[in-house]
$ cat coords-v9.cif   # mmCIF, C-alpha atoms
data_model
loop_
_atom_site.label_atom_id
_atom_site.label_comp_id
_atom_site.auth_asym_id
_atom_site.auth_seq_id
_atom_site.Cartn_x
_atom_site.Cartn_y
_atom_site.Cartn_z
CA MET A 1 4.77 -118.47 -47.16
CA GLY A 2 4.95 -121.77 -45.38
CA ARG A 3 5.48 -125.27 -46.71
CA VAL A 4 1.74 -126.09 -46.85
CA ASP A 5 0.67 -123.30 -49.18
CA THR A 6 3.73 -123.67 -51.48
CA THR A 7 2.84 -127.32 -52.05
CA TYR A 8 -0.79 -126.31 -52.56
CA THR A 9 0.11 -123.61 -55.11
CA ARG A 10 2.30 -126.05 -57.07
CA ALA A 11 -0.40 -128.71 -57.05
CA VAL A 12 -3.05 -126.26 -58.19
CA ALA A 13 -0.85 -124.85 -60.92
CA ALA A 14 -0.12 -128.33 -62.21
CA ALA A 15 -3.63 -129.69 -61.93
CA ARG A 16 -6.21 -127.08 -62.74
CA LEU A 17 -5.13 -123.44 -63.08
CA ASP A 18 -6.93 -122.07 -66.12
CA ALA A 19 -6.11 -125.11 -68.25
CA ILE A 20 -9.40 -124.99 -70.12
CA GLU A 21 -9.16 -121.24 -70.75
CA MET A 22 -5.67 -121.63 -72.22
CA ARG A 23 -6.91 -124.47 -74.40
CA ALA A 24 -9.90 -122.41 -75.56
CA VAL A 25 -7.78 -119.35 -76.33
CA ASN A 26 -5.22 -121.45 -78.27
CA TRP A 27 -8.06 -123.16 -80.11
CA CYS A 28 -9.64 -119.83 -81.06
CA ILE A 29 -6.37 -118.35 -82.31
CA TRP A 30 -4.93 -121.26 -84.27
CA LYS A 31 -7.97 -123.20 -85.42
CA LEU A 32 -10.58 -120.46 -85.74
CA ALA A 33 -9.11 -117.00 -86.33
CA MET A 34 -5.93 -117.89 -88.25
CA PRO A 35 -7.54 -119.99 -91.04
CA ALA A 36 -10.43 -117.50 -91.32
CA VAL A 37 -8.02 -114.58 -91.75
CA LEU A 38 -5.95 -116.53 -94.30
CA ILE A 39 -9.03 -117.42 -96.38
CA THR A 40 -10.30 -113.82 -96.20
CA ALA A 41 -6.85 -112.60 -97.27
CA LEU A 42 -7.49 -114.21 -100.68
CA LEU A 43 -9.70 -111.25 -101.63
CA PRO A 44 -7.10 -108.46 -101.24
CA PHE A 45 -4.49 -110.82 -102.70
CA TYR A 46 -6.53 -111.39 -105.87
CA ARG A 47 -7.66 -107.74 -106.09
CA PHE A 48 -4.48 -105.81 -105.33
CA ILE A 49 -1.53 -108.15 -105.95
CA MET A 50 -2.73 -110.41 -108.76
CA THR A 51 -5.19 -107.75 -110.05
CA LEU A 52 -7.57 -110.44 -111.34
CA GLU A 53 -11.02 -109.70 -112.77
CA HIS A 54 -14.02 -110.31 -110.45
CA PRO A 55 -11.79 -111.20 -107.44
CA PHE A 56 -14.69 -111.59 -104.98
CA GLN A 57 -16.21 -114.46 -106.96
CA ARG A 58 -12.80 -116.07 -107.50
CA ALA A 59 -11.91 -115.83 -103.82
CA PHE A 60 -15.11 -117.09 -102.24
CA ALA A 61 -17.47 -118.70 -104.79
CA GLN A 62 -15.70 -122.08 -104.67
CA GLY A 63 -16.89 -122.52 -101.09
CA ASP A 64 -13.60 -122.60 -99.20
CA PHE A 65 -15.40 -120.95 -96.29
CA ILE A 66 -18.03 -123.71 -96.32
CA LEU A 67 -15.33 -126.39 -96.18
CA PHE A 68 -13.60 -124.47 -93.37
CA ALA A 69 -16.93 -124.12 -91.53
CA ALA A 70 -17.62 -127.87 -91.84
CA ILE A 71 -14.18 -128.83 -90.49
CA LEU A 72 -14.46 -126.23 -87.72
CA LEU A 73 -17.90 -127.48 -86.66
CA PHE A 74 -16.76 -131.14 -86.71
CA GLU A 75 -13.82 -130.16 -84.53
CA VAL A 76 -15.79 -128.04 -82.05
CA GLY A 77 -18.47 -130.76 -81.87
CA VAL A 78 -15.84 -133.29 -80.83
CA GLU A 79 -14.15 -130.85 -78.41
CA ALA A 80 -17.48 -130.06 -76.71
CA GLU A 81 -17.91 -133.73 -75.84
CA TRP A 82 -14.70 -133.63 -73.77
CA GLY A 83 -15.33 -134.48 -70.12
CA SER A 84 -17.51 -137.15 -68.59
CA HIS A 85 -20.27 -135.11 -66.91
CA GLN A 86 -21.39 -132.81 -69.70
CA PRO A 87 -24.92 -131.44 -69.34
CA ARG A 88 -27.64 -132.49 -71.74
CA HIS A 89 -27.76 -129.19 -73.66
CA LEU A 90 -24.03 -129.42 -74.45
CA LYS A 91 -24.36 -133.02 -75.64
CA VAL A 92 -27.30 -132.08 -77.89
CA SER A 93 -25.44 -129.01 -79.20
CA SER A 94 -22.35 -131.02 -80.03
CA SER A 95 -24.37 -133.69 -81.88
CA LEU A 96 -26.28 -130.98 -83.75
CA THR A 97 -23.03 -129.23 -84.67
CA LYS A 98 -21.63 -132.42 -86.16
CA ALA A 99 -24.83 -133.02 -88.13
CA VAL A 100 -24.72 -129.46 -89.52
CA ALA A 101 -21.05 -129.99 -90.41
CA ALA A 102 -21.94 -133.12 -92.39
CA LEU A 103 -24.66 -131.18 -94.24
CA LEU A 104 -22.20 -128.38 -95.01
CA MET A 105 -19.77 -130.93 -96.44
CA ALA A 106 -22.49 -132.13 -98.84
CA LEU A 107 -23.35 -128.50 -99.68
CA TYR A 108 -19.66 -127.87 -100.41
CA TRP A 109 -19.57 -130.69 -102.97
CA VAL A 110 -22.68 -129.36 -104.73
CA ILE A 111 -21.48 -125.74 -104.78
CA LYS A 112 -17.97 -126.66 -105.88
CA HIS A 113 -19.31 -128.76 -108.76
CA ASP A 114 -21.70 -126.01 -109.88
CA VAL A 115 -19.02 -123.33 -109.61
CA ILE A 116 -16.59 -125.38 -111.74
CA VAL A 117 -19.32 -125.81 -114.40
CA LYS A 118 -20.16 -122.09 -114.30
CA GLU A 119 -16.51 -121.02 -114.47
CA GLU A 120 -16.01 -123.21 -117.54
CA ALA A 121 -19.11 -121.64 -119.10
CA LEU A 122 -17.79 -118.18 -118.22
CA ALA A 123 -14.48 -118.92 -119.93
CA ARG A 124 -16.27 -120.21 -123.07
CA THR A 125 -18.92 -117.51 -123.55
CA SER A 126 -18.20 -114.18 -125.16
CA ILE A 127 -21.71 -112.75 -124.77
CA LEU A 128 -21.70 -110.00 -122.18
CA ALA A 129 -25.24 -110.69 -120.91
CA SER A 130 -24.59 -114.36 -120.14
CA GLN A 131 -21.23 -113.41 -118.57
CA GLN A 132 -23.10 -111.02 -116.27
CA THR A 133 -25.65 -113.73 -115.39
CA ILE A 134 -22.93 -116.27 -114.55
CA LEU A 135 -21.00 -113.69 -112.51
CA ALA A 136 -24.17 -112.83 -110.56
CA LYS A 137 -24.67 -116.52 -109.74
CA LEU A 138 -21.03 -116.87 -108.69
CA SER A 139 -21.44 -113.77 -106.56
CA ASP A 140 -24.45 -115.38 -104.82
CA TYR A 141 -22.36 -118.46 -104.08
CA ALA A 142 -19.57 -116.26 -102.75
CA TRP A 143 -21.99 -114.42 -100.41
CA LEU A 144 -23.46 -117.76 -99.30
CA SER A 145 -19.99 -119.06 -98.58
CA CYS A 146 -19.11 -115.94 -96.56
CA GLY A 147 -22.41 -116.10 -94.69
CA VAL A 148 -22.02 -119.78 -93.80
CA GLY A 149 -18.40 -119.15 -92.76
CA SER A 150 -19.28 -116.19 -90.51
CA VAL A 151 -22.26 -117.87 -88.85
CA SER A 152 -20.28 -121.09 -88.28
CA LEU A 153 -17.37 -119.15 -86.78
CA ILE A 154 -19.67 -117.45 -84.30
CA CYS A 155 -21.55 -120.70 -83.51
CA ALA A 156 -18.25 -122.52 -82.92
CA ALA A 157 -17.12 -119.73 -80.57
CA LEU A 158 -20.50 -119.87 -78.76
CA LEU A 159 -20.24 -123.62 -78.22
CA LEU A 160 -16.68 -123.27 -76.97
CA ILE A 161 -17.73 -120.52 -74.55
CA ALA A 162 -20.60 -122.72 -73.35
CA VAL A 163 -18.07 -125.48 -72.51
CA VAL A 164 -15.82 -123.04 -70.60
CA ASP A 165 -18.86 -121.56 -68.86
CA HIS A 166 -20.03 -125.01 -67.76
CA GLN A 167 -16.57 -125.76 -66.39
CA LYS A 168 -16.55 -122.48 -64.42
CA ARG A 169 -20.04 -123.19 -63.03
CA GLU A 170 -18.81 -126.61 -61.88
CA GLU A 171 -15.79 -125.04 -60.17
CA LEU A 172 -18.01 -122.49 -58.42
CA ARG A 173 -20.33 -125.30 -57.34
CA GLU A 174 -17.32 -127.18 -55.93
CA PHE A 175 -16.43 -124.06 -53.95
CA GLY A 176 -19.96 -124.08 -52.56
CA VAL A 177 -20.96 -120.90 -54.39
CA ALA A 178 -24.41 -120.94 -56.00
CA THR A 179 -24.44 -119.94 -59.70
CA MET B 1 -35.37 -121.01 -108.42
CA ILE B 2 -32.21 -122.49 -106.84
CA ASP B 3 -30.44 -119.18 -107.43
CA ASP B 4 -33.17 -117.39 -105.49
CA VAL B 5 -32.80 -119.88 -102.63
CA VAL B 6 -29.03 -119.33 -102.58
CA LYS B 7 -29.53 -115.56 -102.50
CA THR B 8 -32.21 -115.75 -99.77
CA VAL B 9 -30.09 -118.05 -97.59
CA ALA B 10 -27.07 -115.77 -98.05
CA ILE B 11 -29.09 -112.69 -97.02
CA THR B 12 -30.62 -114.52 -94.04
CA LEU B 13 -27.21 -115.65 -92.83
CA ALA B 14 -25.82 -112.13 -93.22
CA ALA B 15 -28.75 -110.81 -91.16
CA CYS B 16 -28.08 -113.41 -88.44
CA VAL B 17 -24.45 -112.32 -87.99
CA PRO B 18 -25.07 -109.12 -85.93
CA LEU B 19 -27.61 -110.93 -83.72
CA LEU B 20 -25.21 -113.81 -83.12
CA LEU B 21 -22.43 -111.34 -82.35
CA ILE B 22 -24.62 -109.73 -79.67
CA VAL B 23 -25.33 -113.17 -78.14
CA LEU B 24 -21.61 -114.01 -78.31
CA ALA B 25 -20.66 -110.76 -76.55
CA ARG B 26 -23.21 -111.38 -73.76
CA ARG B 27 -22.11 -115.00 -73.24
CA THR B 28 -18.45 -113.95 -73.22
CA ARG B 29 -19.20 -111.29 -70.59
CA SER B 30 -21.03 -113.71 -68.29
CA THR B 31 -18.32 -116.38 -68.67
CA ARG B 32 -15.63 -113.82 -67.86
CA MET B 33 -17.58 -112.80 -64.78
CA ARG B 34 -17.65 -116.43 -63.58
CA GLN B 35 -13.97 -116.81 -64.44
CA GLY B 36 -13.26 -113.74 -62.27
CA GLN B 37 -15.23 -115.25 -59.38
CA VAL B 38 -13.28 -118.54 -59.65
CA ARG B 39 -9.96 -116.66 -59.73
CA TRP B 40 -10.93 -114.59 -56.69
CA LEU B 41 -11.96 -117.72 -54.76
CA ARG B 42 -8.70 -119.45 -55.69
CA SER B 43 -6.73 -116.44 -54.49
CA GLN B 44 -8.68 -116.52 -51.20
CA VAL B 45 -7.89 -120.23 -50.75
CA SER B 46 -4.24 -119.60 -51.54
CA ARG B 47 -4.18 -116.75 -49.00
CA ALA B 48 -5.89 -118.94 -46.40
CA MET B 49 -3.27 -121.66 -46.93
CA ALA B 50 -0.55 -119.08 -46.30
CA GLN B 51 -2.38 -117.86 -43.18
CA LEU B 52 -2.41 -121.41 -41.75
CA SER B 53 1.38 -121.28 -41.53
CA SER B 54 1.44 -117.79 -39.97
CA SER B 55 2.83 -117.11 -36.49
CA SER B 56 -0.07 -114.78 -35.65
CA SER B 57 -3.06 -116.57 -34.12
CA GLU B 58 -5.47 -114.04 -35.68
CA GLU B 59 -4.12 -114.89 -39.14
CA VAL B 60 -4.37 -118.62 -38.43
CA LEU B 61 -7.98 -118.19 -37.27
CA ALA B 62 -8.85 -116.27 -40.45
CA GLY B 63 -7.20 -118.99 -42.55
CA LEU B 64 -9.10 -121.75 -40.72
CA GLN B 65 -12.42 -119.95 -41.20
CA THR B 66 -11.78 -119.43 -44.90
CA ILE B 67 -10.77 -123.07 -45.43
CA ALA B 68 -13.90 -124.21 -43.57
CA PHE B 69 -16.13 -121.88 -45.57
CA LEU B 70 -14.69 -122.48 -49.05
CA ASN B 71 -15.25 -126.04 -50.09
CA ASP B 72 -12.24 -126.54 -52.40
CA PRO B 73 -11.32 -130.24 -52.78
CA VAL B 74 -7.64 -129.58 -53.61
CA ALA B 75 -7.23 -127.21 -50.66
CA ARG B 76 -8.99 -129.72 -48.38
CA SER B 77 -6.49 -132.47 -49.02
CA PHE B 78 -3.50 -130.13 -48.64
CA ALA B 79 -4.82 -128.27 -45.60
CA ARG B 80 -6.01 -131.28 -43.57
CA PRO B 81 -2.63 -132.30 -42.01
CA ARG B 82 -1.94 -128.68 -41.00
CA VAL B 83 -5.45 -128.24 -39.56
CA GLU B 84 -5.05 -131.50 -37.65
CA ALA B 85 -1.77 -130.21 -36.17
CA LEU B 86 -3.49 -126.94 -35.21
CA THR B 87 -6.06 -128.82 -33.08
CA LYS B 88 -3.20 -129.36 -30.60
CA SER B 89 -2.38 -125.64 -30.54
CA ASN B 90 -1.70 -123.94 -27.21
CA ASP B 91 -4.12 -121.19 -28.17
CA ASP B 92 -7.62 -122.40 -27.22
CA ARG B 93 -9.38 -120.32 -29.86
CA VAL B 94 -7.14 -121.72 -32.61
CA ALA B 95 -7.54 -125.29 -31.32
CA GLN B 96 -11.35 -124.97 -31.17
CA GLN B 97 -11.58 -123.41 -34.62
CA ALA B 98 -9.21 -126.08 -35.98
CA LEU B 99 -11.47 -128.80 -34.55
CA ALA B 100 -14.54 -127.23 -36.13
CA THR B 101 -12.72 -126.83 -39.45
CA LEU B 102 -11.42 -130.41 -39.29
CA SER B 103 -14.91 -131.81 -38.78
CA ARG B 104 -16.16 -129.78 -41.78
CA LEU B 105 -13.22 -130.96 -43.89
CA ASP B 106 -13.80 -134.59 -42.95
CA ALA B 107 -17.52 -134.29 -43.66
CA ALA B 108 -16.74 -132.78 -47.08
CA ILE B 109 -14.12 -135.45 -47.84
CA ALA B 110 -16.62 -138.18 -46.86
CA ALA B 111 -19.24 -136.60 -49.13
CA GLU B 112 -16.90 -136.66 -52.16
CA PRO B 113 -18.05 -139.15 -54.81
CA SER B 114 -14.58 -140.73 -55.10
CA SER B 115 -13.99 -141.07 -51.33
CA GLY B 116 -13.44 -144.57 -50.06
CA VAL B 117 -12.30 -145.83 -53.45
CA ALA B 118 -8.90 -147.50 -53.33
CA CYS B 119 -6.34 -145.95 -55.68
#

$ encode --input "coords-v9.cif" --output "structure tokens"
Amino acid sequence: MGRVDTTYTRAVAAARLDAIEMRAVNWCIWKLAMPAVLITALLPFYRFIMTLEHPFQRAFAQGDFILFAAILLFEVGVEAEWGSHQPRHLKVSSSLTKAVAALLMALYWVIKHDVIVKEEALARTSILASQQTILAKLSDYAWLSCGVGSVSLICAALLLIAVVDHQKREELREFGVAT
Amino acid sequence: MIDDVVKTVAITLAACVPLLLIVLARRTRSTRMRQGQVRWLRSQVSRAMAQLSSSSSEEVLAGLQTIAFLNDPVARSFARPRVEALTKSNDDRVAQQALATLSRLDAAIAAEPSSGVAC
């Protein structure tokens, strides 16, 4: 290897080699997968370690997944705007993501308030039928929370992949390869 | 009524998950394919840069052709001085190819949006 290519390799490594992929992978591990796993871990923790009654409702009805989804979507919406020459579809997607995140935040307040009211009612009532009704409602909230969390996780990953894909297309275009 | 809405939305979202996962898998596959293409092109540029410094004229010719064909802006700026030196090569084929490559490099550098802007 001569002097020319060594300098080139160093320059490339410093300037561009897979920087966006590394950023995306780090983002997915520490901001997407890790918090999702930790929130999901509440269910086995409540069921098997604390052995609480109706652990599913306790773990997810309060809407922690919705809050997580809102923060995740805000974050990915901001990240997708990175770079000066983003295509129109990415700009629209990132704005839409932030708007959905704001809506989810409002939904989180409503659900949290209702769940607190229902949990208080559950603690006060001793009638089995009304306990069952309240638990069914809490279960619906828990499923909603899980559904919103899962869909948001996938949408965030899709937006992130779209950003990486755009960057790769640009690199291929720079190389003179049609995409 | 609100409870029904909550239940319906929850079921709809759950139904969307497998579909979204399929879309995610397809997008991931196509992005990985592009990533592979970029990596391969980078390796070719890196190899071409090494070939420019080779003692074999065949290797140098191959390197010059690759540099001329692949329009990489980073490689252009690093390869240009070497290509310029190769235009004075004793080997006529190398000198001619270096001239052709140099004119392509200069045309590409001139076409860059940032060219001509003082740093």

$ resolve_selection --input "coords-v9.cif" --expression "the PyMOL selection byres ((chain B and resi 108) around 12)" --output "ChimeraX atom specification"
/A:174-176 /B:67-77,80,101-107,109-115

$ interface_residues --input "coords-v9.cif" --of "chain B" --to "chain A" --cutoff "8 Å" --atoms "only C-alpha atoms" --output "PyMOL selection string"
chain B and resi 3+6-7+9-11+13-14+16-17+20-21+24+27-28+31+34-35+37-38+41+46+49-50+53-54+70-75+78-79+82

$ atom_distance --input "coords-v9.cif" --atom1 "atom CA of B:Gln65" --atom2 "atom CA of B:Arg32"
27.5 Å

$ residues_around --input "coords-v9.cif" --residues "stretch 103-111 of chain A" --least-positions-apart "6" --cutoff "10 Å" --atoms "all atoms listed in the file" --output "PyMOL selection string"
chain A and resi 61-71+73+97+117+138+141-142+144-145+148

$ closest_residue --input "coords-v9.cif" --among "B:Thr66, B:Leu61, B:Pro81, B:Val23" --to "B:Arg93" --atoms "all atoms listed in the file"
B:Leu61

$ atom_distance --input "coords-v9.cif" --atom1 "atom CA of A:Met22" --atom2 "atom CA of A:His89"
23.4 Å

$ resolve_selection --input "coords-v9.cif" --expression "the PyMOL selection byres ((chain A and resi 119) around 12)" --output "list in words"
His54, Gln57, Arg58, Ala61, Gln62, Ile111, Lys112, His113, Asp114, Val115, Ile116, Val117, Lys118, Glu120, Ala121, Leu122, Ala123, Arg124, Thr125, Ser130, Gln131, Thr133, Ile134, Leu135, Ala136, Lys137, Leu138 and Ser139 of chain A

$ atom_distance --input "coords-v9.cif" --atom1 "atom CA of A:Glu79" --atom2 "atom CA of A:Lys31"
12.1 Å

$ closest_residue --input "coords-v9.cif" --among "A:Ala36, A:Ala156, A:Leu128, A:Leu43" --to "A:Ser94" --atoms "all atoms listed in the file"
A:Ala156
